[in-house]
$ cat final_18.cif   # mmCIF, C-alpha atoms
data_structure
loop_
_atom_site.group_PDB
_atom_site.id
_atom_site.type_symbol
_atom_site.label_atom_id
_atom_site.label_comp_id
_atom_site.auth_asym_id
_atom_site.auth_seq_id
_atom_site.Cartn_x
_atom_site.Cartn_y
_atom_site.Cartn_z
ATOM 1 C CA MET A 106 16.787 15.079 -16.508
ATOM 2 C CA ASN A 107 14.104 15.677 -13.847
ATOM 3 C CA GLU A 108 11.271 15.164 -16.321
ATOM 4 C CA LEU A 109 7.935 13.446 -15.663
ATOM 5 C CA ILE A 110 8.054 10.248 -17.730
ATOM 6 C CA LYS A 111 4.839 8.327 -18.397
ATOM 7 C CA VAL A 112 5.283 4.543 -18.323
ATOM 8 C CA GLY A 113 1.667 3.367 -18.048
ATOM 9 C CA GLU A 114 -1.893 4.572 -18.130
ATOM 10 C CA LYS A 115 -1.579 5.933 -14.583
ATOM 11 C CA THR A 116 2.099 5.502 -13.761
ATOM 12 C CA TYR A 117 4.935 8.008 -14.111
ATOM 13 C CA TYR A 118 8.384 8.577 -12.690
ATOM 14 C CA ILE A 119 10.718 11.536 -12.393
ATOM 15 C CA SER A 120 13.933 11.044 -14.361
ATOM 16 C CA GLY A 121 17.314 11.906 -12.872
ATOM 17 C CA PRO A 122 19.423 10.602 -9.995
ATOM 18 C CA PHE A 123 16.285 9.881 -7.916
ATOM 19 C CA HIS A 124 13.498 7.959 -9.632
ATOM 20 C CA VAL A 125 10.499 9.198 -7.693
ATOM 21 C CA GLY A 126 7.294 7.359 -8.600
ATOM 22 C CA VAL A 127 4.076 9.208 -9.430
ATOM 23 C CA TYR A 128 0.786 7.290 -9.573
ATOM 24 C CA ASP A 129 -2.492 8.870 -10.704
ATOM 25 C CA LEU A 130 -5.047 7.823 -8.091
ATOM 26 C CA GLY A 131 -7.981 8.582 -10.359
ATOM 27 C CA THR A 132 -9.502 10.890 -7.745
ATOM 28 C CA LYS A 133 -9.900 14.648 -7.592
ATOM 29 C CA ASN A 134 -9.721 17.143 -4.758
ATOM 30 C CA SER A 135 -12.408 19.677 -3.848
ATOM 31 C CA VAL A 136 -11.408 22.013 -6.673
ATOM 32 C CA GLY A 137 -11.210 19.311 -9.331
ATOM 33 C CA GLN A 138 -7.451 18.703 -9.436
ATOM 34 C CA SER A 139 -6.249 15.152 -10.100
ATOM 35 C CA GLU A 140 -4.608 13.526 -7.074
ATOM 36 C CA VAL A 141 -1.449 11.416 -7.116
ATOM 37 C CA CYS A 142 0.566 9.185 -4.826
ATOM 38 C CA LEU A 143 4.319 9.786 -4.701
ATOM 39 C CA ILE A 144 6.604 6.813 -4.191
ATOM 40 C CA ASP A 145 9.510 8.408 -2.286
ATOM 41 C CA THR A 146 10.194 12.151 -2.440
ATOM 42 C CA GLY A 147 13.831 12.883 -3.253
ATOM 43 C CA VAL A 148 16.705 13.976 -1.068
ATOM 44 C CA ASP A 149 15.644 17.425 0.161
ATOM 45 C CA THR A 150 13.363 20.438 -0.310
ATOM 46 C CA THR A 151 15.299 21.646 -3.368
ATOM 47 C CA VAL A 152 14.646 18.379 -5.188
ATOM 48 C CA ALA A 153 11.074 18.269 -3.878
ATOM 49 C CA LYS A 154 10.362 21.674 -5.451
ATOM 50 C CA VAL A 155 11.585 20.402 -8.837
ATOM 51 C CA ILE A 156 9.361 17.327 -8.514
ATOM 52 C CA ASP A 157 6.441 19.513 -7.467
ATOM 53 C CA LYS A 158 6.831 21.751 -10.516
ATOM 54 C CA ARG A 159 6.657 18.735 -12.825
ATOM 55 C CA ILE A 160 3.555 17.519 -10.968
ATOM 56 C CA ILE A 161 1.858 20.918 -11.146
ATOM 57 C CA ASP A 162 2.689 21.265 -14.863
ATOM 58 C CA ALA A 163 0.909 17.930 -15.432
ATOM 59 C CA GLY A 164 -2.159 19.141 -13.532
ATOM 60 C CA PHE A 165 -1.625 16.994 -10.427
ATOM 61 C CA VAL A 166 -1.637 17.543 -6.666
ATOM 62 C CA VAL A 167 -0.183 15.224 -4.012
ATOM 63 C CA LYS A 168 -2.612 13.286 -1.816
ATOM 64 C CA LEU A 169 -0.408 10.447 -0.543
ATOM 65 C CA ILE A 170 3.273 9.558 -0.132
ATOM 66 C CA ILE A 171 4.576 6.016 0.262
ATOM 67 C CA ASN A 172 8.202 5.837 1.392
ATOM 68 C CA THR A 173 9.935 2.602 0.461
ATOM 69 C CA HIS A 174 12.201 3.127 3.492
ATOM 70 C CA TYR A 175 13.443 5.851 5.807
ATOM 71 C CA HIS A 176 16.783 6.825 4.199
ATOM 72 C CA ALA A 177 16.946 10.582 3.712
ATOM 73 C CA ASP A 178 17.436 10.455 -0.065
ATOM 74 C CA HIS A 179 14.005 8.766 -0.193
ATOM 75 C CA SER A 180 12.179 10.799 2.457
ATOM 76 C CA GLY A 181 13.964 14.167 2.376
ATOM 77 C CA GLY A 182 11.164 15.808 0.379
ATOM 78 C CA ASN A 183 8.398 14.627 2.726
ATOM 79 C CA TYR A 184 8.364 17.758 4.845
ATOM 80 C CA TYR A 185 7.926 20.044 1.825
ATOM 81 C CA PHE A 186 5.005 18.052 0.426
ATOM 82 C CA LYS A 187 3.382 17.629 3.840
ATOM 83 C CA GLU A 188 3.537 21.380 4.491
ATOM 84 C CA LYS A 189 2.169 22.277 1.062
ATOM 85 C CA TYR A 190 -0.498 19.609 0.516
ATOM 86 C CA ASN A 191 -1.154 18.221 4.017
ATOM 87 C CA CYS A 192 -0.833 14.803 2.395
ATOM 88 C CA THR A 193 -0.726 11.484 4.228
ATOM 89 C CA ILE A 194 2.640 9.700 4.515
ATOM 90 C CA TYR A 195 2.826 5.903 4.776
ATOM 91 C CA SER A 196 5.723 3.523 5.267
ATOM 92 C CA SER A 197 6.306 0.217 7.024
ATOM 93 C CA LYS A 198 6.053 0.367 10.819
ATOM 94 C CA MET A 199 9.766 0.675 11.587
ATOM 95 C CA ASN A 200 10.404 3.128 8.769
ATOM 96 C CA ALA A 201 7.396 5.278 9.677
ATOM 97 C CA ALA A 202 8.780 5.590 13.215
ATOM 98 C CA LEU A 203 12.207 6.637 11.932
ATOM 99 C CA ILE A 204 10.804 9.109 9.383
ATOM 100 C CA SER A 205 8.758 10.686 12.173
ATOM 101 C CA ASN A 206 11.769 10.830 14.533
ATOM 102 C CA TYR A 207 14.657 11.432 12.175
ATOM 103 C CA ASP A 208 17.168 12.517 14.815
ATOM 104 C CA ILE A 209 17.666 8.812 15.486
ATOM 105 C CA CYS A 210 18.835 8.043 11.961
ATOM 106 C CA PRO A 211 22.343 9.609 11.872
ATOM 107 C CA ALA A 212 23.024 7.931 15.221
ATOM 108 C CA ILE A 213 22.205 4.574 13.599
ATOM 109 C CA VAL A 214 24.968 5.197 11.048
ATOM 110 C CA TRP A 215 27.584 6.279 13.611
ATOM 111 C CA GLY A 216 26.441 4.168 16.569
ATOM 112 C CA ALA A 217 26.485 7.164 18.937
ATOM 113 C CA LYS A 218 25.901 10.916 18.784
ATOM 114 C CA PRO A 219 26.835 11.457 15.135
ATOM 115 C CA ILE A 220 29.828 13.381 13.860
ATOM 116 C CA ASN A 221 29.075 16.501 11.821
ATOM 117 C CA GLU A 222 30.308 14.895 8.595
ATOM 118 C CA ILE A 223 27.191 12.703 8.352
ATOM 119 C CA LEU A 224 24.672 15.397 9.251
ATOM 120 C CA ASN A 225 23.966 16.028 5.570
ATOM 121 C CA ASN A 226 20.883 15.575 3.429
ATOM 122 C CA TYR A 227 21.734 11.952 2.676
ATOM 123 C CA PHE A 228 21.645 10.959 6.348
ATOM 124 C CA TYR A 229 19.378 13.539 7.921
ATOM 125 C CA ALA A 230 15.910 14.673 6.825
ATOM 126 C CA THR A 231 13.514 17.066 8.514
ATOM 127 C CA PRO A 232 11.121 14.788 10.453
ATOM 128 C CA SER A 233 7.684 14.354 8.916
ATOM 129 C CA GLU A 234 4.785 12.554 10.568
ATOM 130 C CA ALA A 235 4.460 9.154 8.901
ATOM 131 C CA GLU A 236 1.984 6.353 9.582
ATOM 132 C CA ASP A 237 2.402 2.574 9.657
ATOM 133 C CA ILE A 238 1.083 1.307 6.324
ATOM 134 C CA GLU A 239 0.098 -2.096 7.731
ATOM 135 C CA GLY A 240 -3.659 -2.428 7.988
ATOM 136 C CA LYS A 241 -4.299 0.750 6.019
ATOM 137 C CA GLU A 242 -6.670 0.646 3.058
ATOM 138 C CA LEU A 243 -4.432 1.343 0.087
ATOM 139 C CA PRO A 244 -5.721 3.193 -2.965
ATOM 140 C CA GLN A 245 -7.020 0.967 -5.714
ATOM 141 C CA GLY A 246 -4.218 -0.024 -8.077
ATOM 142 C CA ILE A 247 -1.392 -0.034 -5.513
ATOM 143 C CA GLU A 248 0.165 -3.209 -4.112
ATOM 144 C CA LEU A 249 3.115 -3.584 -1.737
ATOM 145 C CA VAL A 250 6.037 -5.997 -2.126
ATOM 146 C CA GLU A 251 8.485 -6.855 0.676
ATOM 147 C CA LEU A 252 12.071 -6.024 -0.324
ATOM 148 C CA ASN A 253 14.012 -6.277 2.932
ATOM 149 C CA GLY A 254 17.806 -6.314 3.231
ATOM 150 C CA HIS A 255 19.053 -2.953 2.036
ATOM 151 C CA SER A 256 17.160 -1.368 4.898
ATOM 152 C CA LEU A 257 14.921 -2.342 7.760
ATOM 153 C CA SER A 258 11.568 -3.471 6.336
ATOM 154 C CA GLN A 259 11.959 -1.873 2.920
ATOM 155 C CA ILE A 260 8.895 -2.116 0.682
ATOM 156 C CA GLY A 261 8.419 -1.931 -3.058
ATOM 157 C CA VAL A 262 5.293 -0.594 -4.743
ATOM 158 C CA ARG A 263 3.542 -2.179 -7.730
ATOM 159 C CA THR A 264 0.991 -0.135 -9.667
ATOM 160 C CA SER A 265 -2.009 -1.207 -11.741
ATOM 161 C CA ASP A 266 0.182 -0.759 -14.849
ATOM 162 C CA ASP A 267 2.377 -3.626 -13.578
ATOM 163 C CA VAL A 268 5.221 -1.206 -12.890
ATOM 164 C CA LEU A 269 7.268 -2.152 -9.833
ATOM 165 C CA PHE A 270 9.128 0.565 -7.923
ATOM 166 C CA LEU A 271 12.037 -1.120 -6.136
ATOM 167 C CA GLY A 272 13.467 1.482 -3.777
ATOM 168 C CA ASP A 273 17.096 0.436 -3.221
ATOM 169 C CA ALA A 274 16.582 -3.316 -3.558
ATOM 170 C CA VAL A 275 19.078 -3.061 -6.420
ATOM 171 C CA VAL A 276 21.542 -0.376 -7.481
ATOM 172 C CA SER A 277 23.116 0.227 -10.867
ATOM 173 C CA LYS A 278 26.183 -1.549 -12.206
ATOM 174 C CA GLU A 279 27.951 1.822 -12.372
ATOM 175 C CA THR A 280 27.299 2.422 -8.669
ATOM 176 C CA ILE A 281 28.650 -0.984 -7.681
ATOM 177 C CA ASP A 282 31.750 -0.531 -9.835
ATOM 178 C CA LYS A 283 32.469 2.922 -8.414
ATOM 179 C CA HIS A 284 31.254 2.369 -4.834
ATOM 180 C CA PRO A 285 31.531 -1.348 -4.047
ATOM 181 C CA LEU A 286 30.462 -0.805 -0.431
ATOM 182 C CA THR A 287 26.880 0.151 -1.275
ATOM 183 C CA TYR A 288 24.671 0.273 1.793
ATOM 184 C CA ILE A 289 23.240 -3.026 3.016
ATOM 185 C CA TYR A 290 21.749 -3.515 6.454
ATOM 186 C CA ASP A 291 21.418 -7.310 6.386
ATOM 187 C CA PRO A 292 23.379 -9.233 3.727
ATOM 188 C CA GLU A 293 21.647 -12.537 4.448
ATOM 189 C CA VAL A 294 18.199 -11.046 3.889
ATOM 190 C CA GLN A 295 19.457 -9.013 0.926
ATOM 191 C CA PHE A 296 20.672 -12.200 -0.784
ATOM 192 C CA GLU A 297 17.239 -13.733 -0.224
ATOM 193 C CA THR A 298 15.478 -10.642 -1.576
ATOM 194 C CA LEU A 299 17.630 -10.511 -4.706
ATOM 195 C CA GLU A 300 16.963 -14.188 -5.438
ATOM 196 C CA ALA A 301 13.229 -13.686 -4.854
ATOM 197 C CA LEU A 302 13.150 -10.522 -6.958
ATOM 198 C CA LYS A 303 14.470 -12.451 -9.961
ATOM 199 C CA LYS A 304 11.213 -14.444 -9.881
ATOM 200 C CA ILE A 305 8.838 -11.497 -9.338
ATOM 201 C CA LYS A 306 7.169 -10.635 -12.625
ATOM 202 C CA ALA A 307 6.502 -7.065 -13.748
ATOM 203 C CA SER A 308 6.223 -5.231 -17.049
ATOM 204 C CA LEU A 309 8.750 -2.627 -15.897
ATOM 205 C CA TYR A 310 11.074 -2.406 -12.886
ATOM 206 C CA ILE A 311 12.129 1.021 -11.640
ATOM 207 C CA PRO A 312 15.020 1.107 -9.142
ATOM 208 C CA TYR A 313 15.527 4.404 -7.334
ATOM 209 C CA HIS A 314 19.163 4.778 -8.432
ATOM 210 C CA ALA A 315 19.250 2.852 -11.718
ATOM 211 C CA GLU A 316 17.541 3.108 -15.076
ATOM 212 C CA PRO A 317 14.188 1.326 -15.522
ATOM 213 C CA VAL A 318 14.497 -2.174 -16.990
ATOM 214 C CA LYS A 319 12.117 -4.767 -18.376
ATOM 215 C CA ARG A 320 14.288 -7.652 -17.143
ATOM 216 C CA ILE A 321 15.515 -7.460 -13.552
ATOM 217 C CA LYS A 322 17.511 -10.699 -13.346
ATOM 218 C CA PRO A 323 20.786 -9.356 -14.842
ATOM 219 C CA LEU A 324 20.823 -6.440 -12.395
ATOM 220 C CA CYS A 325 19.997 -8.738 -9.460
ATOM 221 C CA ASP A 326 22.854 -11.034 -10.494
ATOM 222 C CA TYR A 327 25.277 -8.096 -10.674
ATOM 223 C CA ASN A 328 24.236 -6.935 -7.215
ATOM 224 C CA ILE A 329 24.720 -10.468 -5.880
ATOM 225 C CA LYS A 330 28.156 -10.628 -7.494
ATOM 226 C CA GLY A 331 29.097 -7.292 -5.889
ATOM 227 C CA MET A 332 28.172 -8.606 -2.448
ATOM 228 C CA ASP A 333 30.019 -11.894 -3.053
ATOM 229 C CA ASP A 334 33.120 -9.991 -4.168
ATOM 230 C CA ASN A 335 33.038 -7.951 -0.945
ATOM 231 C CA LEU A 336 32.632 -11.042 1.210
ATOM 232 C CA ASN A 337 35.427 -12.885 -0.575
ATOM 233 C CA LEU A 338 37.804 -9.943 -0.130
ATOM 234 C CA ILE A 339 37.012 -9.798 3.593
ATOM 235 C CA ARG A 340 37.559 -13.557 3.831
ATOM 236 C CA GLU A 341 40.954 -13.078 2.155
ATOM 237 C CA ILE A 342 41.896 -10.183 4.463
ATOM 238 C CA CYS A 343 40.893 -12.186 7.546
ATOM 239 C CA GLN A 344 43.114 -15.147 6.788
ATOM 240 C CA GLU A 345 45.216 -13.510 9.506
ATOM 241 C CA PRO A 346 43.695 -11.984 12.667
ATOM 242 C CA ARG A 347 42.727 -8.365 11.880
ATOM 243 C CA HIS A 348 41.097 -5.636 13.924
ATOM 244 C CA LEU A 349 38.288 -3.633 12.354
ATOM 245 C CA ASP A 350 40.260 -0.560 11.253
ATOM 246 C CA GLU A 351 42.892 -2.799 9.710
ATOM 247 C CA ILE A 352 40.213 -4.652 7.733
ATOM 248 C CA ILE A 353 38.751 -1.366 6.489
ATOM 249 C CA SER A 354 42.208 -0.067 5.516
ATOM 250 C CA LEU A 355 43.159 -3.244 3.648
ATOM 251 C CA PHE A 356 39.782 -3.380 1.902
ATOM 252 C CA TYR A 357 40.215 0.184 0.650
ATOM 253 C CA ASN A 358 43.814 -0.344 -0.382
ATOM 254 C CA GLN A 359 43.088 -3.529 -2.313
ATOM 255 C CA ARG A 360 40.170 -1.883 -4.113
ATOM 256 C CA GLY A 361 42.183 1.253 -4.886
ATOM 257 C CA LEU A 362 39.807 3.456 -2.878
ATOM 258 C CA LYS A 363 40.530 6.511 -0.727
ATOM 259 C CA LEU A 364 39.229 6.589 2.843
ATOM 260 C CA SER A 365 37.830 9.719 4.494
ATOM 261 C CA LEU A 366 36.160 10.334 7.831
ATOM 262 C CA TYR A 367 32.789 10.453 6.065
ATOM 263 C CA LYS A 368 33.419 7.143 4.298
ATOM 264 C CA TYR A 369 34.775 5.638 7.504
ATOM 265 C CA ALA A 370 31.492 6.520 9.209
ATOM 266 C CA VAL A 371 29.275 5.200 6.435
ATOM 267 C CA GLU A 372 31.187 2.476 4.622
ATOM 268 C CA GLY A 373 33.064 1.334 7.717
ATOM 269 C CA GLY A 374 29.658 0.386 9.056
ATOM 270 C CA ILE A 375 29.003 -1.638 5.902
ATOM 271 C CA VAL A 376 32.254 -3.579 6.484
ATOM 272 C CA ARG A 377 30.942 -4.330 9.980
ATOM 273 C CA THR A 378 27.706 -5.551 8.401
ATOM 274 C CA TYR A 379 29.649 -8.053 6.304
ATOM 275 C CA LEU A 380 31.670 -9.121 9.346
ATOM 276 C CA THR A 381 28.422 -9.664 11.237
ATOM 277 C CA TYR A 382 27.128 -11.836 8.403
ATOM 278 C CA LEU A 383 30.264 -13.999 8.334
ATOM 279 C CA TYR A 384 30.444 -14.203 12.133
ATOM 280 C CA ASN A 385 26.807 -15.229 12.523
ATOM 281 C CA LYS A 386 27.292 -17.898 9.842
ATOM 282 C CA GLY A 387 30.163 -19.314 11.878
ATOM 283 C CA GLU A 388 32.900 -18.449 9.366
ATOM 284 C CA LEU A 389 34.722 -15.972 11.633
ATOM 285 C CA VAL A 390 36.096 -16.150 15.141
ATOM 286 C CA VAL A 391 37.023 -13.164 17.307
ATOM 287 C CA THR A 392 40.017 -13.102 19.628
ATOM 288 C CA ASN A 393 41.323 -10.529 22.105
ATOM 289 C CA GLU A 394 44.970 -9.604 21.545
ATOM 290 C CA ASP A 395 46.118 -6.930 24.005
ATOM 291 C CA ASN A 396 42.549 -5.562 23.984
ATOM 292 C CA TYR A 397 42.382 -5.486 20.202
ATOM 293 C CA LEU A 398 39.417 -7.564 19.068
ATOM 294 C CA LYS A 399 40.575 -9.359 15.952
ATOM 295 C CA TRP A 400 38.556 -11.214 13.343
ATOM 296 C CA LYS A 401 39.851 -14.345 11.624
ATOM 297 C CA ILE A 402 38.424 -16.918 9.264
ATOM 298 C CA LYS A 403 38.193 -20.313 10.965
#
$ encode --input "final_18.cif" --output "structure tokens"
Amino acid sequence: MNELIKVGEKTYYISGPFHVGVYDLGTKNSVGQSEVCLIDTGVDTTVAKVIDKRIIDAGFVVKLIINTHYHADHSGGNYYFKEKYNCTIYSSKMNAALISNYDICPAIVWGAKPINEILNNYFYATPSEAEDIEGKELPQGIELVELNGHSLSQIGVRTSDDVLFLGDAVVSKETIDKHPLTYIYDPEVQFETLEALKKIKASLYIPYHAEPVKRIKPLCDYNIKGMDDNLNLIREICQEPRHLDEIISLFYNQRGLKLSLYKYAVEGGIVRTYLTYLYNKGELVVTNEDNYLKWKIK
């Protein structure tokens, strides 16, 4: 747990719940220390300090961070590393803006000034100045891969060792089984990304929240099945006109889950994401019944 695992000549990752990538850039700083690029940084300063200790023990210092996307469990360690190493932070344009202005991010989840329950280290990170990666000259041996769907403009990172860091393009089977409403911003794009990812070749795939695998197709298929199961349950629930809270309640009851205010804030938004997908595809209609907006399958 939380060990630096070597998976290629220059490529490492930190074991544990967050698979932070570490890539040896092959350069040295002014005092002769080997410089690395981090791919994501963990959930907060506590985790960042553990990562840093492993890096220091291996004789490395941090020169660059690439965030696959803005979510706080991927960018929560940025501030620590920026303060200590004055390293550069890159992400895609939208994500760089959000990482730099993190007060916006909990409001995205809630849709207004956020409730206190979501002001935790999974949905709020100390802002850190990040730059748009587009047009930047990347270090030799690093290549970006578009992996949109889970988040706005998520990117993956391939190293010269043919190791592909996936961010949250896929999650583990255990996560899907325990938490079927895993976060997805755009189901349509996520379906496309999962199908495309099955055809992207790499020697090793490293998801952020799942164990590294040499074959990604089975995990992609399981993620697709999880999304299809969610959509089919919502279709079943909406055979009769239902308002949003009723849909959320029935979804939780039929899956044997327990709702809380925190889950309502986070996973209720994911139900809305699925409703948006079905509505935009023309499968759902919305009616006004005594000022309750109700969703129904056509």
$ closest_residue --input "final_18.cif" --among "A:Ile144, A:Ser233, A:Glu251, A:Leu355" --to "A:Arg340" --atoms "only C-alpha atoms"
A:Leu355
$ resolve_selection --input "final_18.cif" --expression "the PyMOL selection byres ((chain A and resi 221-230) around 9)" --output "MDAnalysis selection string"
chainID A and resid 148:149 176:184 204 207:208 210:211 214:215 219:220 231:233 366:367 370:371
$ residues_around --input "final_18.cif" --residues "A:Ser139" --least-positions-apart "4" --cutoff "7 Å" --atoms "all atoms listed in the file" --output "list in words"
Gly131, Thr132, Lys133, Asn134, Gly164, Phe165 and Val166 of chain A
$ atom_distance --input "final_18.cif" --atom1 "atom CA of A:Phe356" --atom2 "atom CA of A:Lys330"
16.6 Å
$ residues_around --input "final_18.cif" --residues "stretch 154-157 of chain A" --least-positions-apart "3" --cutoff "10 Å" --atoms "all atoms listed in the file" --output "VMD selection string"
chain A and resid 107 to 109 118 to 120 125 127 143 146 to 147 149 to 151 160 to 163 165 to 167 182 185 to 186 189
$ closest_residue --input "final_18.cif" --among "A:Val318, A:Ile339, A:Leu364, A:Ala307" --to "A:Tyr384" --atoms "all atoms listed in the file"
A:Ile339
$ closest_residue --input "final_18.cif" --among "A:His174, A:His314, A:His124, A:Lys403" --to "A:Glu279" --atoms "only C-alpha atoms"
A:His314
$ axis_aligned_box --input "final_18.cif" --around "stretch 281-286 of chain A" --padding-each-side "8 Å" --output "AutoDock Vina command-line options"
--center_x 30.6 --center_y 0.8 --center_z -5.1 --size_x 19.8 --size_y 20.3 --size_z 25.4
$ residues_around --input "final_18.cif" --residues "A:Glu293" --least-positions-apart "3" --cutoff "7 Å" --atoms "all atoms listed in the file" --output "short mmCIF file (atom, residue, chain, number, x, y, z; two decimals) with C-alpha atoms, in the coordinates of the input"
data_model
loop_
_atom_site.label_atom_id
_atom_site.label_comp_id
_atom_site.auth_asym_id
_atom_site.auth_seq_id
_atom_site.Cartn_x
_atom_site.Cartn_y
_atom_site.Cartn_z
CA PHE A 296 20.67 -12.20 -0.78
CA GLU A 297 17.24 -13.73 -0.22
CA TYR A 382 27.13 -11.84 8.40
#
$ residues_around --input "final_18.cif" --residues "A:Cys192" --least-positions-apart "4" --cutoff "6 Å" --atoms "all atoms listed in the file" --output "PyMOL selection string"
chain A and resi 168-169+187
$ write_last_selection --input "final_18.cif" --atoms "C-alpha atoms" --output "PDB file, in the coordinates of the input"
ATOM      1  CA  LYS A 168      -2.612  13.286  -1.816  1.00  0.00           C
ATOM      2  CA  LEU A 169      -0.408  10.447  -0.543  1.00  0.00           C
ATOM      3  CA  LYS A 187       3.382  17.629   3.840  1.00  0.00           C
TER       4      LYS A 187
END
$ atom_distance --input "final_18.cif" --atom1 "atom CA of A:Tyr379" --atom2 "atom CA of A:Glu394"
21.7 Å
$ atom_distance --input "final_18.cif" --atom1 "atom CA of A:Pro317" --atom2 "atom CA of A:Thr193"
26.8 Å
$ residues_near_point --input "final_18.cif" --point "(5.9, 5.2, 8.1)" --cutoff "10 Å" --atoms "only C-alpha atoms" --output "list in words"
Ile170, Ile171, Asn172, Thr173, His174, Tyr175, Thr193, Ile194, Tyr195, Ser196, Ser197, Lys198, Met199, Asn200, Ala201, Ala202, Leu203, Ile204, Ser205, Ser233, Glu234, Ala235, Glu236, Asp237, Ile238 and Glu239 of chain A
$ resolve_selection --input "final_18.cif" --expression "the PyMOL selection byres ((chain A and resi 284) around 12)" --output "list of chain:residue names"
A:Val276, A:Ser277, A:Lys278, A:Glu279, A:Thr280, A:Ile281, A:Asp282, A:Lys283, A:Pro285, A:Leu286, A:Thr287, A:Tyr288, A:Asn328, A:Gly331, A:Met332, A:Asn335, A:Tyr357, A:Arg360, A:Gly361, A:Leu362, A:Lys363, A:Leu364, A:Lys368, A:Val371, A:Glu372, A:Ile375
$ residues_near_point --input "final_18.cif" --point "(10.0, -12.2, -2.2)" --cutoff "7 Å" --atoms "all atoms listed in the file" --output "number ranges by chain"
A: 251-252, 298, 301-302
$ resolve_selection --input "final_18.cif" --expression "the PyMOL selection byres ((chain A and resi 272) around 7)" --output "PyMOL selection string"
chain A and resi 173+261+270-271+273-274+312-313
$ decode --input "final_18.cif" --residues "stretch 226-237 of chain A" --atoms "N, CA, C and O atoms" --output "compact mmCIF listing (two decimals), in the first residue's frame"
# COMPACT_ATOMS: atom_id res chain seq x y z
N ASN A 226 -12.77 16.80 0.96
CA ASN A 226 -11.60 16.73 0.08
C ASN A 226 -11.83 15.93 -1.19
O ASN A 226 -10.91 15.82 -2.00
N TYR A 227 -13.03 15.37 -1.36
CA TYR A 227 -13.34 14.74 -2.65
C TYR A 227 -13.99 15.73 -3.62
O TYR A 227 -14.01 15.48 -4.82
N PHE A 228 -14.51 16.83 -3.10
CA PHE A 228 -15.18 17.79 -3.97
C PHE A 228 -14.65 19.21 -3.83
O PHE A 228 -15.13 20.13 -4.48
N TYR A 229 -13.65 19.38 -2.98
CA TYR A 229 -13.01 20.69 -2.90
C TYR A 229 -11.52 20.52 -2.67
O TYR A 229 -11.10 19.80 -1.77
N ALA A 230 -10.72 21.17 -3.51
CA ALA A 230 -9.26 21.18 -3.35
C ALA A 230 -8.78 22.61 -3.28
O ALA A 230 -9.38 23.51 -3.88
N THR A 231 -7.70 22.83 -2.54
CA THR A 231 -7.10 24.17 -2.52
C THR A 231 -6.69 24.54 -3.94
O THR A 231 -6.01 23.75 -4.61
N PRO A 232 -7.13 25.69 -4.45
CA PRO A 232 -6.79 26.06 -5.84
C PRO A 232 -5.28 26.08 -6.05
O PRO A 232 -4.51 26.45 -5.16
N SER A 233 -4.87 25.65 -7.23
CA SER A 233 -3.46 25.69 -7.61
C SER A 233 -3.39 26.14 -9.06
O SER A 233 -4.18 25.68 -9.90
N GLU A 234 -2.48 27.03 -9.37
CA GLU A 234 -2.43 27.62 -10.71
C GLU A 234 -2.03 26.57 -11.73
O GLU A 234 -0.92 26.04 -11.71
N ALA A 235 -2.97 26.26 -12.63
CA ALA A 235 -2.73 25.27 -13.67
C ALA A 235 -2.79 25.93 -15.04
O ALA A 235 -3.50 26.93 -15.23
N GLU A 236 -2.08 25.35 -16.00
CA GLU A 236 -2.01 25.90 -17.35
C GLU A 236 -2.66 24.95 -18.35
O GLU A 236 -2.62 23.73 -18.17
N ASP A 237 -3.22 25.54 -19.41
CA ASP A 237 -3.79 24.76 -20.51
C ASP A 237 -2.67 23.99 -21.20
O ASP A 237 -1.69 24.57 -21.65
